[in-house]
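Peer 1: After the structure tokens below, expect a handful of questions from me.
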Amino acid sequence: MQTKEEIFNSIVRENSEKLYWHVRRMVNSHEDADDLLQDIFLKVWTALPSYRGEAQFGTWVWRIATNETLNFLRREKVRAAIRLSSIDAEMERRIMADPFFDGTAAEREFAKAVARLPEKQRQVFIMRWWDELPYEEISAITGTTVGALKASYHLAREKVEAALNLKAGELSK
Amino acid sequence: MTKHTDIKVPDGYFASLQERLLSIPEKQSPRRVHLAPYFAYAASLVVLALAGTFILRRTAVTEESSEEWSYVSYLAQSLDPDLTTYDGLTLEELVNYEEDY
């Protein structure tokens, strides 16, 4: 029988890096992703005694992480509104100013196009494109049907492609 | 497009992240909470000791004062009102007088 601490340690070892990348893609900032990871795992530790085993540990942890991230983005949306700005503009500013960005101009445009997607669509897109999670797992995490997820991903992909084509058109002029 | 090649993290970041996350249980340990009653217990002992010392000092001073006061009252009632008899008495005589009485 594993102790609470042993279970927590194995959750951290198995999920911290994967979750960092997911959260980082969602918030487009290393510092915010780092802070969020602390909050997420603190919540995991606190909620561990109430874990009922209805989902796999991994799924349960991802669910906490995605909820915390969406809550963070909602707060950011309010902060942006107070500054008379928008969350899209804030995300674009983050991508442009990110000192840890190490990609090409095309990759930066791709990141910007993804950042402009609505929150939940972006979440699904990131989970499929970068995190490479199977639809069944995304379905267990988000509580959405596989069919709806496939439709959402397809729509998100179309939007990203359209944004990139538009940018390519602008650059070729 | 290869995954996660466009963004990087500071050197040794994931090792330090994991270390910080693994220390969460220790930081959230209930031991911290249990220290409060010990501090309260120690503080109440200090308060009791201070109160005891204060009461003892007050009591000692009161006894001394009442002794002096009863002695002066006794003299005033026993001797003449202007205390002239005292002018010719030595300390020894005064003590002897007190003993006879």
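Numbering starts fresh at 1 for the residues of each chain in the structure tokens, the chains themselves are lettered A, B, ... in the order given, and ligands are numbered from 1 as they appear.
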Quick one: which chain B residues come within 10 Å of chain A, and what is the nearest atom pair for each with the distance in Å to one decimal, counting only C-alpha atoms, rows ordered by chain and ascending number, as JSON lines?

Peer 2:
```
{"residue": "B:Met1", "atom": "CA", "partner": "A:Glu107", "partner_atom": "CA", "distance": 8.5}
{"residue": "B:Thr2", "atom": "CA", "partner": "A:Trp130", "partner_atom": "CA", "distance": 8.9}
{"residue": "B:Lys3", "atom": "CA", "partner": "A:Trp130", "partner_atom": "CA", "distance": 5.8}
{"residue": "B:His4", "atom": "CA", "partner": "A:Trp130", "partner_atom": "CA", "distance": 7.3}
{"residue": "B:Thr5", "atom": "CA", "partner": "A:Gly103", "partner_atom": "CA", "distance": 6.8}
{"residue": "B:Asp6", "atom": "CA", "partner": "A:Gly103", "partner_atom": "CA", "distance": 3.8}
{"residue": "B:Ile7", "atom": "CA", "partner": "A:Phe101", "partner_atom": "CA", "distance": 4.5}
{"residue": "B:Lys8", "atom": "CA", "partner": "A:Phe100", "partner_atom": "CA", "distance": 5.2}
{"residue": "B:Val9", "atom": "CA", "partner": "A:Phe100", "partner_atom": "CA", "distance": 6.3}
{"residue": "B:Pro10", "atom": "CA", "partner": "A:Phe100", "partner_atom": "CA", "distance": 7.9}
{"residue": "B:Tyr13", "atom": "CA", "partner": "A:Asp34", "partner_atom": "CA", "distance": 9.8}
{"residue": "B:Phe14", "atom": "CA", "partner": "A:Glu17", "partner_atom": "CA", "distance": 6.7}
{"residue": "B:Ala15", "atom": "CA", "partner": "A:Glu17", "partner_atom": "CA", "distance": 9.6}
{"residue": "B:Leu17", "atom": "CA", "partner": "A:Asp34", "partner_atom": "CA", "distance": 7.9}
{"residue": "B:Gln18", "atom": "CA", "partner": "A:Val12", "partner_atom": "CA", "distance": 6.8}
{"residue": "B:Glu19", "atom": "CA", "partner": "A:Val12", "partner_atom": "CA", "distance": 9.4}
{"residue": "B:Arg20", "atom": "CA", "partner": "A:Gln38", "partner_atom": "CA", "distance": 8.1}
{"residue": "B:Leu21", "atom": "CA", "partner": "A:Gln38", "partner_atom": "CA", "distance": 6.6}
{"residue": "B:Leu22", "atom": "CA", "partner": "A:Asn9", "partner_atom": "CA", "distance": 6.1}
{"residue": "B:Ser23", "atom": "CA", "partner": "A:Asn9", "partner_atom": "CA", "distance": 9.3}
{"residue": "B:Ile24", "atom": "CA", "partner": "A:Leu42", "partner_atom": "CA", "distance": 6.6}
{"residue": "B:Pro25", "atom": "CA", "partner": "A:Glu5", "partner_atom": "CA", "distance": 6.8}
{"residue": "B:Glu26", "atom": "CA", "partner": "A:Glu5", "partner_atom": "CA", "distance": 9.3}
{"residue": "B:Gln28", "atom": "CA", "partner": "A:Leu42", "partner_atom": "CA", "distance": 8.7}
```

Peer 1: Which residues are near segment 71-76 of chain A? Cut-off 10 Å, only C-alpha atoms, ignore same chain within fewer than 5 positions. Put them as number ranges by chain.

Peer 2: A: 26-27, 32, 36, 65-66, 81-82, 86-87, 90-91, 119

Peer 1: Please compute the atom CA of Ser172 of chain A-atom CA of Arg94 of chain A distance, one decimal, in Å.

Peer 2: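 So the answer is 25.8 Å.
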
Peer 1: Nearest to Phe110 of chain A: which of A:Leu84, A:Ala97, A:Leu164, A:Val78 is it, counting only C-alpha atoms?

Peer 2: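 The closest residue to Phe110 of chain A is A:Leu164.
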
Peer 1: Could you please determine the separation between atom CA of Ala33 of chain A and atom CA of Asn165 of chain A in Å, to one decimal place?

Peer 2: 29.7 Å

Peer 1: Return the single residue from A:Ile7, A:Ala168, A:Leu70, A:Ala55 that is closest to Ser139 of chain A, with distances computed using only C-alpha atoms.

Peer 2: A:Ala55

Peer 1: Atom CA of Arg63 of chain A and atom CA of Ser50 of chain A, how far apart in Å?

Peer 2: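 Spanning atom CA of Ser50 of chain A to atom CA of Arg63 of chain A is a straight-line distance of 14.5 Å.
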
Peer 1: For a quick check of understanding, using only C-alpha atoms, which of A:Met1, A:Pro134, A:Leu149, A:Ala140 has the smallest distance to Lys120 of chain A?

Peer 2: A:Leu149
